[in-house]
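Asker: So here's run.csv (CSV, C-alpha atoms).
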```csv
chain,number,residue,atom,x,y,z
A,1,MET,CA,-222.5,-60.5,-65.8
A,2,SER,CA,-221.3,-61.2,-62.3
A,3,LYS,CA,-224.0,-63.6,-61.1
A,4,ALA,CA,-221.2,-65.9,-60.0
A,5,VAL,CA,-220.1,-63.1,-57.6
A,6,LEU,CA,-223.6,-62.9,-56.1
A,7,GLN,CA,-223.7,-66.6,-55.7
A,8,LYS,CA,-220.3,-66.6,-54.1
A,9,LEU,CA,-221.3,-63.8,-51.7
A,10,GLN,CA,-224.4,-65.7,-50.7
A,11,ALA,CA,-222.4,-68.9,-50.2
A,12,THR,CA,-219.8,-67.1,-48.1
A,13,PHE,CA,-221.9,-64.7,-46.0
A,14,GLY,CA,-225.3,-66.5,-45.9
A,15,ALA,CA,-227.9,-64.5,-44.1
A,16,ALA,CA,-225.8,-61.3,-44.1
A,17,VAL,CA,-226.7,-60.9,-47.7
A,18,LEU,CA,-230.3,-59.6,-47.3
A,19,GLU,CA,-231.4,-59.6,-50.9
A,20,THR,CA,-230.0,-59.7,-54.4
A,21,HIS,CA,-231.3,-58.9,-57.8
A,22,SER,CA,-229.9,-58.8,-61.4
A,23,GLN,CA,-231.5,-56.4,-63.9
A,24,PHE,CA,-230.2,-55.2,-67.2
A,25,GLY,CA,-226.8,-56.8,-66.6
A,26,ASP,CA,-226.3,-55.1,-63.3
A,27,ASP,CA,-226.1,-57.3,-60.2
A,28,THR,CA,-227.0,-55.9,-56.8
A,29,ALA,CA,-226.5,-57.2,-53.3
A,30,VAL,CA,-228.0,-55.6,-50.2
A,31,VAL,CA,-226.0,-56.6,-47.1
A,32,GLU,CA,-226.0,-56.1,-43.4
A,33,PRO,CA,-224.4,-52.8,-42.3
A,34,SER,CA,-222.5,-54.6,-39.5
A,35,ARG,CA,-220.6,-56.7,-42.0
A,36,TRP,CA,-220.1,-53.9,-44.6
A,37,LEU,CA,-216.4,-53.7,-44.3
A,38,GLU,CA,-215.9,-57.4,-44.1
A,39,ILE,CA,-217.9,-58.1,-47.3
A,40,ALA,CA,-216.2,-55.2,-49.1
A,41,THR,CA,-212.8,-56.6,-48.1
A,42,PHE,CA,-213.8,-60.0,-49.4
A,43,LEU,CA,-214.9,-58.5,-52.8
A,44,ARG,CA,-211.6,-56.8,-53.2
A,45,ASP,CA,-209.3,-59.5,-52.1
A,46,ASP,CA,-211.0,-62.7,-53.3
A,47,PRO,CA,-209.2,-63.8,-56.5
A,48,ALA,CA,-212.4,-64.7,-58.2
A,49,CYS,CA,-214.0,-61.3,-57.4
A,50,ALA,CA,-211.0,-59.0,-57.6
A,51,PHE,CA,-212.8,-55.7,-57.5
A,52,GLU,CA,-209.8,-53.4,-57.6
A,53,MET,CA,-211.7,-50.2,-58.4
A,54,MET,CA,-214.5,-48.3,-56.7
A,55,SER,CA,-216.4,-46.4,-59.3
A,56,ASP,CA,-218.8,-44.6,-57.0
A,57,LEU,CA,-220.2,-44.3,-53.5
A,58,CYS,CA,-223.4,-42.5,-52.9
A,59,GLY,CA,-226.2,-42.1,-50.4
A,60,VAL,CA,-230.0,-42.4,-50.9
A,61,ASP,CA,-232.7,-41.0,-48.6
A,62,ARG,CA,-235.7,-43.2,-48.8
A,63,PHE,CA,-237.5,-41.1,-46.2
A,64,ASP,CA,-240.7,-43.0,-45.3
A,65,VAL,CA,-238.9,-46.4,-45.2
A,66,THR,CA,-236.9,-47.8,-42.3
A,67,PRO,CA,-233.9,-48.1,-42.4
A,68,ARG,CA,-234.1,-44.7,-43.9
A,69,PHE,CA,-230.7,-44.4,-45.7
A,70,GLU,CA,-229.0,-46.5,-48.3
A,71,VAL,CA,-225.3,-46.4,-48.9
A,72,VAL,CA,-224.5,-47.6,-52.4
A,73,ILE,CA,-221.1,-48.5,-53.8
A,74,HIS,CA,-220.3,-49.5,-57.4
A,75,LEU,CA,-217.4,-51.8,-57.8
A,76,ASN,CA,-215.4,-52.5,-60.9
A,77,SER,CA,-213.0,-55.3,-61.6
A,78,LEU,CA,-210.5,-54.3,-64.2
A,79,SER,CA,-208.8,-57.7,-64.4
A,80,LYS,CA,-212.1,-59.8,-64.5
A,81,GLY,CA,-214.1,-57.2,-66.4
A,82,HIS,CA,-217.2,-57.5,-64.2
A,83,ARG,CA,-218.9,-55.1,-61.8
A,84,ILE,CA,-221.3,-55.2,-58.9
A,85,ARG,CA,-223.5,-52.8,-56.9
A,86,LEU,CA,-223.4,-53.2,-53.2
A,87,LYS,CA,-225.9,-51.6,-50.9
A,88,THR,CA,-226.5,-51.4,-47.2
A,89,ARG,CA,-229.3,-49.8,-45.2
A,90,VAL,CA,-228.9,-47.7,-42.0
A,91,GLY,CA,-230.6,-45.2,-39.9
A,92,ASP,CA,-234.1,-44.9,-38.3
A,93,GLU,CA,-236.9,-42.7,-39.5
A,94,ASP,CA,-235.3,-39.6,-37.8
A,95,GLY,CA,-232.0,-40.3,-39.4
A,96,GLU,CA,-230.5,-41.3,-36.1
A,97,GLY,CA,-227.9,-44.1,-35.8
A,98,ALA,CA,-226.9,-43.8,-39.5
A,99,GLN,CA,-223.5,-45.3,-39.1
A,100,VAL,CA,-221.5,-47.6,-41.3
A,101,ALA,CA,-217.8,-48.6,-41.5
A,102,SER,CA,-215.6,-46.6,-43.7
A,103,LEU,CA,-214.0,-48.1,-46.8
A,104,VAL,CA,-211.1,-45.7,-47.1
A,105,GLY,CA,-208.7,-48.5,-46.0
A,106,LEU,CA,-209.8,-50.5,-49.1
A,107,TRP,CA,-210.2,-47.9,-51.8
A,108,LYS,CA,-208.6,-44.5,-51.4
A,109,THR,CA,-211.3,-42.9,-53.6
A,110,ALA,CA,-213.8,-43.6,-50.8
A,111,ASN,CA,-212.3,-40.8,-48.8
A,112,TRP,CA,-213.9,-37.8,-50.5
A,113,LEU,CA,-217.0,-39.8,-51.6
A,114,GLU,CA,-217.7,-40.7,-48.0
A,115,ARG,CA,-217.2,-37.1,-47.0
A,116,GLU,CA,-219.7,-36.1,-49.6
A,117,VAL,CA,-222.3,-38.6,-48.4
A,118,PHE,CA,-221.7,-37.4,-44.8
A,119,ASP,CA,-222.0,-33.8,-46.0
A,120,MET,CA,-225.3,-34.3,-47.9
A,121,PHE,CA,-227.0,-37.0,-45.8
A,122,GLY,CA,-225.4,-37.0,-42.4
A,123,ILE,CA,-224.4,-40.6,-42.6
A,124,THR,CA,-221.4,-41.2,-40.3
A,125,PHE,CA,-218.5,-43.4,-41.6
A,126,GLN,CA,-216.8,-44.8,-38.6
A,127,THR,CA,-213.0,-45.0,-38.7
A,128,HIS,CA,-212.9,-42.4,-41.6
A,129,PRO,CA,-209.6,-40.5,-41.2
A,130,ASP,CA,-211.0,-37.1,-41.9
A,131,LEU,CA,-214.8,-37.0,-41.8
A,132,ARG,CA,-215.9,-33.3,-42.3
A,133,ARG,CA,-217.9,-31.4,-44.8
A,134,ILE,CA,-216.5,-31.3,-48.3
A,135,LEU,CA,-218.9,-29.3,-50.4
A,136,MET,CA,-220.8,-27.2,-47.9
A,137,TYR,CA,-219.2,-24.7,-45.6
A,138,PRO,CA,-218.5,-25.7,-42.0
A,139,GLU,CA,-221.2,-23.2,-40.7
A,140,PHE,CA,-223.9,-25.1,-42.6
A,141,VAL,CA,-226.5,-26.6,-40.3
A,142,GLY,CA,-228.3,-29.8,-41.3
A,143,TYR,CA,-228.0,-32.1,-44.3
A,144,PRO,CA,-229.3,-30.6,-47.6
A,145,LEU,CA,-230.1,-33.8,-49.5
A,146,ARG,CA,-232.3,-35.2,-46.8
A,147,LYS,CA,-235.8,-35.2,-47.9
A,148,ASP,CA,-236.9,-33.2,-44.9
A,149,TYR,CA,-234.5,-30.3,-45.6
A,150,PRO,CA,-236.7,-27.5,-46.9
A,151,ALA,CA,-236.2,-26.8,-50.6
A,152,GLU,CA,-236.2,-23.0,-50.2
A,153,LYS,CA,-234.0,-22.9,-47.1
A,154,THR,CA,-230.6,-21.2,-47.6
A,155,GLN,CA,-228.0,-20.4,-45.0
A,156,PRO,CA,-226.1,-17.3,-46.4
A,157,LEU,CA,-222.6,-16.6,-45.1
A,158,VAL,CA,-223.0,-12.9,-45.9
A,159,ALA,CA,-226.1,-11.0,-44.7
A,160,TYR,CA,-228.3,-10.2,-47.6
A,161,ARG,CA,-228.8,-6.5,-48.5
A,162,THR,CA,-232.0,-4.9,-47.4
A,163,GLU,CA,-233.9,-2.4,-49.6
A,164,GLU,CA,-232.9,0.4,-47.1
A,165,GLU,CA,-229.3,-0.3,-47.6
A,166,ALA,CA,-229.6,-0.7,-51.4
A,167,GLY,CA,-231.7,2.5,-51.8
A,168,VAL,CA,-233.4,0.9,-54.7
A,169,PRO,CA,-236.2,-1.7,-54.9
A,170,LEU,CA,-234.7,-5.2,-55.1
A,171,ASP,CA,-237.7,-6.7,-56.8
A,172,LYS,CA,-236.8,-8.3,-60.0
A,173,GLN,CA,-238.0,-6.9,-63.3
A,174,ALA,CA,-238.9,-8.9,-66.4
A,175,PRO,CA,-237.6,-11.3,-67.5
A,176,PHE,CA,-236.5,-12.6,-64.1
A,177,GLY,CA,-239.9,-12.2,-62.4
A,178,PRO,CA,-240.8,-12.4,-58.7
A,179,HIS,CA,-239.7,-16.0,-58.4
A,180,GLU,CA,-236.0,-15.3,-58.9
A,181,GLY,CA,-235.5,-17.4,-62.0
A,182,MET,CA,-237.1,-20.7,-62.8
A,183,SER,CA,-238.5,-22.1,-59.6
A,184,PHE,CA,-240.1,-25.1,-61.3
A,185,ALA,CA,-239.1,-27.3,-58.4
A,186,ARG,CA,-241.7,-25.6,-56.2
A,187,ASN,CA,-244.6,-25.8,-58.6
A,188,ASP,CA,-247.8,-26.9,-57.1
A,189,PHE,CA,-248.6,-29.6,-59.6
A,190,THR,CA,-252.0,-30.4,-58.1
A,191,LYS,CA,-253.1,-26.8,-58.5
A,192,ARG,CA,-251.7,-26.7,-62.0
A,193,ALA,CA,-253.6,-29.8,-62.9
A,194,GLU,CA,-256.8,-28.3,-61.5
A,195,ASP,CA,-256.2,-25.0,-63.4
A,196,ALA,CA,-255.8,-26.9,-66.6
A,197,ASN,CA,-259.2,-28.7,-66.1
B,198,MET,CA,-225.0,15.7,-70.4
B,199,GLY,CA,-224.2,14.1,-73.7
B,200,GLU,CA,-221.4,13.3,-75.9
B,201,LEU,CA,-218.5,15.6,-76.4
B,202,LYS,CA,-219.0,17.4,-79.6
B,203,GLN,CA,-216.3,16.9,-82.2
B,204,VAL,CA,-215.0,20.2,-83.5
B,205,THR,CA,-212.6,20.3,-86.4
B,206,LEU,CA,-210.6,23.4,-86.9
B,207,GLU,CA,-209.3,24.5,-90.3
B,208,PRO,CA,-205.6,25.6,-90.2
B,209,SER,CA,-206.6,29.2,-90.6
B,210,GLU,CA,-209.1,29.1,-87.8
B,211,SER,CA,-208.6,29.2,-84.0
B,212,GLY,CA,-211.0,28.6,-81.2
B,213,PHE,CA,-211.9,26.6,-78.1
B,214,ALA,CA,-214.7,24.3,-76.8
B,215,THR,CA,-216.4,24.3,-73.4
B,216,THR,CA,-217.8,21.4,-71.5
B,217,LYS,CA,-218.5,20.5,-67.9
B,218,LEU,CA,-215.8,18.7,-65.9
B,219,ASP,CA,-218.3,15.9,-65.0
B,220,SER,CA,-219.1,15.3,-68.6
B,221,LEU,CA,-215.4,15.1,-69.4
B,222,LEU,CA,-214.7,12.7,-66.5
B,223,ASN,CA,-217.7,10.5,-67.3
B,224,TRP,CA,-216.7,10.4,-71.0
B,225,ALA,CA,-213.2,9.4,-70.0
B,226,ARG,CA,-214.5,6.7,-67.6
B,227,LYS,CA,-217.0,5.2,-69.9
B,228,TRP,CA,-214.3,4.6,-72.6
B,229,SER,CA,-211.7,3.2,-70.2
B,230,LEU,CA,-213.4,0.6,-68.1
B,231,PHE,CA,-210.8,-1.7,-66.5
B,232,LYS,CA,-212.5,-5.0,-65.9
B,233,TYR,CA,-212.2,-7.5,-63.1
B,234,PRO,CA,-213.6,-10.8,-64.5
B,235,PHE,CA,-215.1,-12.8,-61.7
B,236,VAL,CA,-215.7,-15.9,-63.8
B,237,THR,CA,-217.2,-18.9,-62.0
B,238,ALA,CA,-219.2,-21.0,-64.5
B,239,CYS,CA,-220.2,-21.9,-68.0
B,240,CYS,CA,-221.0,-18.2,-68.9
B,241,GLY,CA,-217.2,-17.9,-68.9
B,242,MET,CA,-217.1,-19.6,-72.3
B,243,GLU,CA,-219.4,-16.9,-73.7
B,244,PHE,CA,-217.3,-14.3,-72.0
B,245,MET,CA,-214.3,-15.6,-74.0
B,246,ALA,CA,-216.3,-15.5,-77.2
B,247,LEU,CA,-217.2,-12.0,-76.4
B,248,THR,CA,-213.7,-10.8,-75.8
B,249,SER,CA,-212.2,-12.7,-78.8
B,250,PRO,CA,-211.8,-11.2,-82.3
B,251,ARG,CA,-215.1,-12.4,-83.8
B,252,PHE,CA,-217.3,-10.2,-81.6
B,253,ASP,CA,-214.6,-8.0,-80.2
B,254,GLY,CA,-217.1,-7.0,-77.6
B,255,THR,CA,-214.8,-5.2,-75.1
B,256,ALA,CA,-211.8,-3.7,-77.0
B,257,ARG,CA,-214.1,-1.7,-79.2
B,258,PHE,CA,-215.5,0.0,-76.1
B,259,GLY,CA,-212.2,0.6,-74.4
B,260,ALA,CA,-213.0,-2.1,-71.8
B,261,GLU,CA,-210.5,-4.7,-73.0
B,262,ALA,CA,-207.7,-4.6,-70.4
B,263,PRO,CA,-208.4,-7.0,-67.5
B,264,ARG,CA,-206.9,-6.2,-64.2
B,265,PHE,CA,-206.7,-9.2,-61.8
B,266,SER,CA,-206.4,-6.9,-58.8
B,267,PRO,CA,-209.7,-5.4,-57.7
B,268,ARG,CA,-207.8,-2.3,-56.6
B,269,GLN,CA,-206.9,-1.5,-60.2
B,270,SER,CA,-210.3,-2.2,-61.8
B,271,ASP,CA,-213.5,-0.3,-62.0
B,272,LEU,CA,-215.9,-2.7,-63.6
B,273,LEU,CA,-216.6,-6.0,-61.9
B,274,TRP,CA,-217.9,-8.7,-64.3
B,275,VAL,CA,-219.7,-11.3,-62.4
B,276,VAL,CA,-219.9,-14.2,-64.9
B,277,GLY,CA,-221.7,-17.3,-63.7
B,278,THR,CA,-223.3,-18.8,-60.6
B,279,ILE,CA,-222.4,-17.5,-57.2
B,280,SER,CA,-222.7,-20.1,-54.6
B,281,GLN,CA,-223.2,-19.3,-50.9
B,282,ARG,CA,-219.7,-20.4,-50.3
B,283,GLN,CA,-218.3,-17.9,-52.8
B,284,ALA,CA,-220.5,-15.0,-51.6
B,285,PRO,CA,-218.0,-13.7,-49.0
B,286,VAL,CA,-215.2,-13.7,-51.6
B,287,LEU,CA,-217.3,-11.7,-54.1
B,288,LYS,CA,-218.3,-9.2,-51.4
B,289,ARG,CA,-214.7,-8.7,-50.4
B,290,ILE,CA,-213.6,-8.3,-54.0
B,291,TYR,CA,-216.3,-5.7,-54.5
B,292,GLU,CA,-215.3,-3.8,-51.3
B,293,GLN,CA,-211.6,-3.7,-52.4
B,294,MET,CA,-212.4,-1.9,-55.6
B,295,MET,CA,-211.8,1.8,-55.8
B,296,GLU,CA,-214.6,4.3,-56.4
B,297,PRO,CA,-216.1,4.9,-58.9
B,298,LYS,CA,-217.0,1.2,-59.6
B,299,TRP,CA,-219.6,-0.6,-61.5
B,300,VAL,CA,-220.9,-4.2,-61.5
B,301,LEU,CA,-222.2,-6.1,-64.5
B,302,GLY,CA,-224.2,-9.3,-63.9
B,303,PHE,CA,-223.5,-11.6,-66.8
B,304,GLY,CA,-226.1,-14.2,-67.4
B,305,THR,CA,-229.2,-15.4,-65.6
B,306,CYS,CA,-227.4,-17.1,-62.7
B,307,ALA,CA,-225.5,-14.0,-61.7
B,308,SER,CA,-228.6,-11.9,-62.1
B,309,SER,CA,-231.2,-14.0,-60.3
B,310,GLY,CA,-229.7,-17.4,-59.4
B,311,GLY,CA,-231.3,-19.0,-62.4
B,312,PHE,CA,-232.6,-22.5,-61.9
B,313,TYR,CA,-230.2,-23.1,-59.0
B,314,ASP,CA,-233.1,-22.4,-56.7
B,315,ASN,CA,-231.9,-24.2,-53.6
B,316,TYR,CA,-229.5,-24.3,-50.7
B,317,THR,CA,-226.3,-23.8,-52.7
B,318,THR,CA,-226.8,-20.7,-54.6
B,319,VAL,CA,-227.2,-16.9,-54.0
B,320,ALA,CA,-230.3,-15.9,-55.9
B,321,GLY,CA,-228.7,-13.0,-57.7
B,322,ILE,CA,-225.6,-11.0,-56.8
B,323,ASP,CA,-227.8,-8.0,-55.9
B,324,LYS,CA,-228.5,-9.9,-52.7
B,325,ILE,CA,-224.9,-9.1,-51.7
B,326,ILE,CA,-223.5,-6.2,-53.8
B,327,PRO,CA,-225.1,-3.5,-55.9
B,328,CYS,CA,-225.5,-4.4,-59.6
B,329,ASP,CA,-225.7,-1.8,-62.3
B,330,VAL,CA,-226.6,-3.9,-65.4
B,331,TYR,CA,-228.2,-7.3,-65.6
B,332,VAL,CA,-227.7,-9.3,-68.8
B,333,PRO,CA,-230.2,-12.1,-69.0
B,334,GLY,CA,-229.5,-15.3,-70.9
B,335,CYS,CA,-228.2,-18.7,-70.3
B,336,PRO,CA,-225.7,-17.9,-71.5
B,337,PRO,CA,-226.4,-14.5,-73.0
B,338,ARG,CA,-225.5,-13.9,-76.6
B,339,PRO,CA,-222.4,-11.8,-77.1
B,340,GLU,CA,-224.7,-9.2,-78.7
B,341,ALA,CA,-226.7,-9.0,-75.5
B,342,VAL,CA,-223.6,-8.4,-73.5
B,343,ILE,CA,-222.5,-5.7,-75.9
B,344,ASP,CA,-226.0,-4.2,-75.4
B,345,GLY,CA,-225.3,-4.4,-71.6
B,346,LEU,CA,-221.9,-2.7,-72.0
B,347,MET,CA,-223.4,0.1,-74.0
B,348,LEU,CA,-226.2,0.4,-71.5
B,349,LEU,CA,-223.5,0.7,-68.8
B,350,GLN,CA,-221.7,3.4,-70.8
B,351,ASP,CA,-224.9,5.4,-71.1
B,352,LYS,CA,-225.4,5.0,-67.3
B,353,ILE,CA,-221.9,6.3,-66.7
B,354,ALA,CA,-222.3,9.2,-69.0
B,355,THR,CA,-225.5,10.3,-67.3
B,356,GLY,CA,-224.4,9.4,-63.8
B,357,ASP,CA,-227.4,7.1,-63.4
B,358,ARG,CA,-227.0,4.3,-60.7
B,359,THR,CA,-230.3,2.6,-60.9
B,360,PRO,CA,-230.1,-1.1,-61.8
B,361,ARG,CA,-231.0,-1.7,-65.5
B,362,ILE,CA,-231.8,-4.9,-67.4
B,363,VAL,CA,-230.8,-5.6,-70.9
B,364,LYS,CA,-234.0,-6.0,-72.9
B,365,PRO,CA,-234.0,-8.9,-75.3
B,366,ARG,CA,-233.8,-7.8,-78.9
B,367,PHE,CA,-237.0,-9.8,-79.4
B,368,ASP,CA,-238.7,-12.1,-77.0
B,369,PRO,CA,-239.0,-15.5,-78.8
B,370,ALA,CA,-242.1,-16.3,-76.8
B,371,GLN,CA,-243.9,-13.1,-77.6
B,372,GLY,CA,-244.3,-11.5,-81.0
B,373,HIS,CA,-241.7,-13.6,-82.8
B,374,GLN,CA,-244.3,-14.8,-85.3
B,375,GLU,CA,-245.5,-11.3,-85.7
B,376,GLN,CA,-242.0,-10.1,-86.4
B,377,LEU,CA,-241.5,-12.8,-88.9
B,378,VAL,CA,-244.8,-11.9,-90.7
B,379,GLN,CA,-243.7,-8.2,-90.7
B,380,LEU,CA,-240.3,-9.1,-92.1
B,381,ARG,CA,-241.9,-11.2,-94.8
B,382,THR,CA,-244.5,-8.6,-95.8
B,383,LYS,CA,-241.7,-6.0,-96.0
B,384,GLY,CA,-239.8,-8.4,-98.3
B,385,PHE,CA,-236.7,-8.7,-96.0
B,386,ILE,CA,-237.0,-12.5,-95.9
B,387,ASP,CA,-238.5,-15.1,-98.2
B,388,GLY,CA,-241.7,-16.9,-97.7
B,389,GLY,CA,-244.4,-14.2,-97.7
B,390,ALA,CA,-246.3,-11.7,-99.8
B,391,LYS,CA,-243.9,-9.1,-101.2
```
Represent the supplied structure as structure tokens.

Answerer:
Amino acid sequence: MSKAVLQKLQATFGAAVLETHSQFGDDTAVVEPSRWLEIATFLRDDPACAFEMMSDLCGVDRFDVTPRFEVVIHLNSLSKGHRIRLKTRVGDEDGEGAQVASLVGLWKTANWLEREVFDMFGITFQTHPDLRRILMYPEFVGYPLRKDYPAEKTQPLVAYRTEEEAGVPLDKQAPFGPHEGMSFARNDFTKRAEDAN
Amino acid sequence: MGELKQVTLEPSESGFATTKLDSLLNWARKWSLFKYPFVTACCGMEFMALTSPRFDGTARFGAEAPRFSPRQSDLLWVVGTISQRQAPVLKRIYEQMMEPKWVLGFGTCASSGGFYDNYTTVAGIDKIIPCDVYVPGCPPRPEAVIDGLMLLQDKIATGDRTPRIVKPRFDPAQGHQEQLVQLRTKGFIDGGAK
């Protein structure tokens, strides 16, 4: 759909466009984090690109790959009727140095989306006007959507009741069971496969 | 302690009935539950179905009137998922309610956290506040909630404060087929030997 945009990006920015691919009508460009803002500005302001709208901004934790994090934006052009996906990769294997320029100056919707990515992955958006947690509470330590955040780790704001306080056993009866609901996310699939055999 | 006995006097008769003050109070309490709906999630839709005319699940039990101040209510309906961020609010609401007070956990999320088994969610409101009746279901059928409300009324009448869980009317995973066979053999539904 917007292969012309990809070609234009490569012609304008050369080596700063690390890779491109087009699949199922979606065109993607992976670019240098240092030129993130510059390329985004070009995509918005160039009359042939004219991406007036940012549909989405999200983060990806690739965990065992360096650079570890990906910041992905989806851009839409209402006047041209095309769209593009733009990615950049930041951060070393410990998640340090995950910094990229903020796009709030270009699209206002980036404000809360960047706050969410910061909240969930700990990616810092430089020059963001108000970079603080948006979904989690300020007391929360760590970044919950990083792959090394333990799945069962909670950080309660209120101390949980003990059985002494409650005066009754707090173990769940049927149908809730000892696993507090449906903890299918923590199934040991290797063991289940062995049990099945 | 049981129900108050209904005594009808003929015009020519006279008489009096005796009861215990506790029984009378509990009888009054169980038929005039003022609810505080703490509705946070999709179970709220089922809560609306429950309170609307088709099921009429609260007015029939004297529990219709909602009070949006915890100080005026004695039954806290926790309807939906409680996130860690909401937990302090829920606890404060509970603490502001006047004694005697009861809590009904509406749905699997309020009862056990459901499938939100991660950093965001409190795995059941009993982690924070006492819960009298758990109603499982995602969301529970209005019938299940009515079962829960009647269970709570029984608990109030007997002064029992141990947590109780509404039992499913039948467990689809166990014995459903057996029940169908039984119903067919008894001739209640088609498709079997009469």

Asker: Show which residues sit within 12 Å of Lys364 of chain B, as a list in words. Count all atoms listed in the file, and ignore same-chain residues fewer than 5 positions away.

Answerer: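 The filter keeps Gln173, Ala174, Pro175 and Phe176 of chain A; Val330, Tyr331, Val332, Pro333, Gly334, Pro337, Glu340, Ala341, Val342, Ile343, Asp344, Gly345 and Leu348 of chain B.
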
Asker: Output the selection as a short mmCIF file (atom, residue, chain, number, x, y, z; two decimals), in the coordinates of the input - C-alpha atoms for each residue.

Answerer:
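Output saved as part_3.cif:
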```
data_model
loop_
_atom_site.label_atom_id
_atom_site.label_comp_id
_atom_site.auth_asym_id
_atom_site.auth_seq_id
_atom_site.Cartn_x
_atom_site.Cartn_y
_atom_site.Cartn_z
CA GLN A 173 -238.00 -6.90 -63.30
CA ALA A 174 -238.90 -8.90 -66.40
CA PRO A 175 -237.60 -11.30 -67.50
CA PHE A 176 -236.50 -12.60 -64.10
CA VAL B 330 -226.60 -3.90 -65.40
CA TYR B 331 -228.20 -7.30 -65.60
CA VAL B 332 -227.70 -9.30 -68.80
CA PRO B 333 -230.20 -12.10 -69.00
CA GLY B 334 -229.50 -15.30 -70.90
CA PRO B 337 -226.40 -14.50 -73.00
CA GLU B 340 -224.70 -9.20 -78.70
CA ALA B 341 -226.70 -9.00 -75.50
CA VAL B 342 -223.60 -8.40 -73.50
CA ILE B 343 -222.50 -5.70 -75.90
CA ASP B 344 -226.00 -4.20 -75.40
CA GLY B 345 -225.30 -4.40 -71.60
CA LEU B 348 -226.20 0.40 -71.50
#
```

Asker: So, with only C-alpha atoms as the atoms that count, which of B:Leu346, B:Asp357, B:Pro285, B:Asn223 lies closest to chain A?

Answerer: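 Going through B:Leu346, B:Asp357, B:Pro285, B:Asn223 one by one, the smallest distance to chain A is for B:Pro285.
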
Asker: Name all residues at most 8 Å from Arg161 of chain A (count all atoms listed in the file; drop same-chain ones fewer than 6 positions away) and give them as a PyMOL selection string.

Answerer: chain B and resi 323-326

Asker: What's the separation between atom CA of Trp107 of chain A and atom CA of Ile73 of chain A, in Å to one decimal place?

Answerer: 11.1 Å

Asker: So what do you get for atom CA of Trp224 of chain B versus atom CA of Gly304 of chain B, distance-wise?

Answerer: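 About the pair atom CA of Trp224 of chain B and atom CA of Gly304 of chain B: they are 26.6 Å apart.
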
Asker: Can you measure atom CA of Glu243 of chain B to atom CA of Val275 of chain B for me? One decimal in Å is fine.

Answerer: 12.6 Å

Asker: For Glu116 of chain A, which residue out of A:Asp92, A:Glu139, A:Asp130, A:Asp195 is the nearest one, using only C-alpha atoms?

Answerer: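 Looking only at the distances to Glu116 of chain A, the closest residue turns out to be A:Asp130.
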
Asker: Using all atoms listed in the file, find the residues of chain B whose closest atom to chain A is at most 10 Å away, then write them as number ranges by chain.

Answerer: B: 280-286, 288, 305-306, 308-328, 331, 333-334, 358-365, 368

Asker: Of the candidates A:Glu19, A:Val60, A:Gly25, A:Val141, which shows the shortest atom-to-atom distance to Val117 of chain A, using all atoms listed in the file?

Answerer: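 For Val117 of chain A, the nearest of the candidates is A:Val60.
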
Asker: Go through A:Glu70, A:Asp119, A:Glu93, A:Glu164 one by one, measure the shortest atom-to-atom distance of each to Gly142 of chain A using only C-alpha atoms, and give the residue with the smallest value.

Answerer: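 When distances to Gly142 of chain A are compared using only C-alpha atoms, the smallest one comes from A:Asp119.
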
Asker: Please identify all polymer residues within 12 Å of Asp94 of chain A, counting all atoms listed in the file, omitting same-chain residues fewer than 4 positions from it, and present them as a list in words.

Answerer: Asp61, Arg62, Phe63, Asp64, Val65, Thr66, Pro67, Arg68, Phe69, Val90, Ala98, Phe121, Gly122, Ile123, Arg146, Lys147 and Asp148 of chain A

Asker: Tell me, as a ChimeraX atom specification, which residues lie within 12 Å of Arg44 of chain A, counting only C-alpha atoms; anything in the same chain fewer than 5 positions away does not count.

Answerer: /A:5,37-39,49-54,75-80,83-84,103,105-107
